[in-house]
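One structure is given here, and the rest of the page talks about it.
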Amino acid sequence: MLDKNKFQEIFKTELNNLNKKNLEDFSTLKNTVESDSEVLINSKALDEKNNTKDINVEESVTFVKEDENNSNDSYYYKGDTLVKVISRRDKNYKYSYDGLKNVKDDDARNNWKAWLYLAPVLILMTMFLLYPLVDTIIISFMKDFNYVTREFDGFTIENYGYILNLTPINGAYESRVVNYAIPNTLIICFITVPVSIIIALLITVGLNSLKWFQKILQTIFFLPYVTNTIAIGMVFSVIFDSDGIFNYLINSDHKWITGADRWSAMLPLCLYIVWSSLPFKILVFLSGLQGIDKQYYQAAQIDATPKWKVFTKITVPLLSPQIVYIAITSFIGGFKEYSSIVGLFNNPGTTTGDYSLYTMVYYIYDKFNDNNLHYAAAAAVLLFAFILLFTALQMWVSKKRVYY
């Protein structure tokens, strides 16, 4: 066994290299010590004749603790390999010592390569994501902002009060956001997303059970995803026209598009959103379903489990990661709905001057076109807050309901 003097001699040894292999093999040691500690290890040590020799770190997994009286400086050794563990809670903690190398230091020396590889993406994210986000938040508090000259008349919170119908600007209130944009956005989200998820799940299970024409049907179901949304909207507007196919089938002359009331217009709008959103959901669910271990279904078949129970007790729980992913992305898409309304109605309502089908994104678009960028920015920040809070709520719920 090494005595204390031998320990001191080894720690004073000049160590220059800790090769990559040792770093990889050293992961076992890092998992062995406490989570609040950093590990320092020598890659070379002294033999009995005080000659420097290489140490095989791979053989040094089991350690004997030495110097138990010092809680901040604990020594471990096996054979001639020496390790020093230093608590992160020590205020005098240093990352390097004479004769020792910190594994964290060696990892840090290679960090510049990671930052170099990430640099293009970070630059693009900063330019097109971070900067616009910060700039939009700042503009939302500017009064009478001119985006051409970037001039404004000071900072204010009246922009938010105006779009929420709380504060008048020039004696006028803005009621379209509270009366139409927010309710319509929530209606679209909470109707189309659950309905489309349920339909996509049922179609996926049916497709997966087919032995013939499965690939052909997958292609057919995926076609709406690669088709222009405006073109699809125009087709739906023809189908639901007062003289269209839908009224012919139900033998009615009810108005669904032009001149329709708000709630009648919601039917073709929601059907269009559900239909156009199915392909991506089916693709994700199908990939998840094909990854489920067949043994679960074989066991259920042996027990003569009803199909509806197999679906609710096996398929849905094991698809829960995909369901949560689809739910989150679908709700985000629902909050940002805009193109479907343009494609179907070409207006924020069923008639000119009508705003009964306004959504948050449509309002932002209109205010941007009207050169009221400060109101558009305030509405965009409000929409961002809605999406962020709702996504956080979904993530919190998913921790208790998702099976990985």
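Each chain in the structure tokens gets a letter, A, B, ..., in the order shown, and its residues are numbered from 1; ligands are numbered from 1 in order too.
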Show me a table, sorted first by chain and then by increasing residue number, of the residues of region 280-317 of chain A having an atom at most 8 Å from region 187-210 of chain A, each with its shortest atom pair and the distance in Å to one decimal, counting only C-alpha atoms and written as a tab-separated table.
residue	atom	partner	partner_atom	distance
A:Lys281	CA	A:Ala200	CA	6.0
A:Ile282	CA	A:Ala200	CA	5.3
A:Phe285	CA	A:Thr204	CA	6.4
A:Leu286	CA	A:Thr204	CA	5.6
A:Leu289	CA	A:Asn208	CA	7.7
A:Gln290	CA	A:Asn208	CA	7.6
Closest atom pairs, residues of region 240-303 of chain A within 7 Å of region 349-370 of chain A, only C-alpha atoms, as a tab-separated table:
residue	atom	partner	partner_atom	distance
A:Ile257	CA	A:Thr350	CA	6.0
A:Thr258	CA	A:Thr350	CA	5.0
A:Gly259	CA	A:Thr350	CA	5.3
A:Ala260	CA	A:Thr350	CA	5.9
A:Arg262	CA	A:Ser356	CA	5.8
*asked:* To test your reading of the structure, identify every residue in region 65-306 of chain A that backbone DSSP assigns to helix (DSSP H, G or I), and report it as an NGL selection string.
replied: :A and (103-109 or 111-139 or 158-163 or 176-209 or 214-226 or 229-239 or 245-250 or 262-289 or 294-302)
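The protein and nucleic acid residues lying at most 12 Å from region 118-134 of chain A are A:Asn111, A:Trp112, A:Ser140, A:Phe141, A:Ala377, A:Ala378, A:Ala380, A:Val381, A:Phe384, with only C-alpha atoms considered and sequence neighbours fewer than 6 positions away removed.
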*When distances are computed from only C-alpha atoms, which of A:Ala304, A:Leu116, A:Ile250, A:Tyr296 shows the smallest separation from Leu318 (chain A)?*
A:Tyr296
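Going from CA of Ile326 (chain A) over to CA of Val178 (chain A), you cover 27.9 Å.
Shortest separation to Tyr147 (chain A) among A:Leu319, A:Leu373, A:Val397, A:Ile292 occurs at residue A:Leu373, atoms counted being only C-alpha atoms.
Relative to CA of Phe331 (chain A), CA of Ser398 (chain A) is found at 14.4 Å.
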*Identify which of the residues A:Gln218, A:Ser320, A:Ser287, A:Asn159 lies closest to Leu382 (chain A), counting only C-alpha atoms when measuring atom-to-atom distances.*
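Once distances to Leu382 (chain A) are computed over only C-alpha atoms, the minimum belongs to A:Asn159.
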*Please provide as a list in words all residues within 10 Å of Asn179 (chain A), with the sequence filter that same-chain residues fewer than 2 positions apart are discarded (counting only C-alpha atoms).*
Leu164, Asn165, Glu174, Ser175, Arg176, Val177, Ala181, Ile182, Pro183, Asn184, Tyr355, Ser356 and Tyr358 of chain A
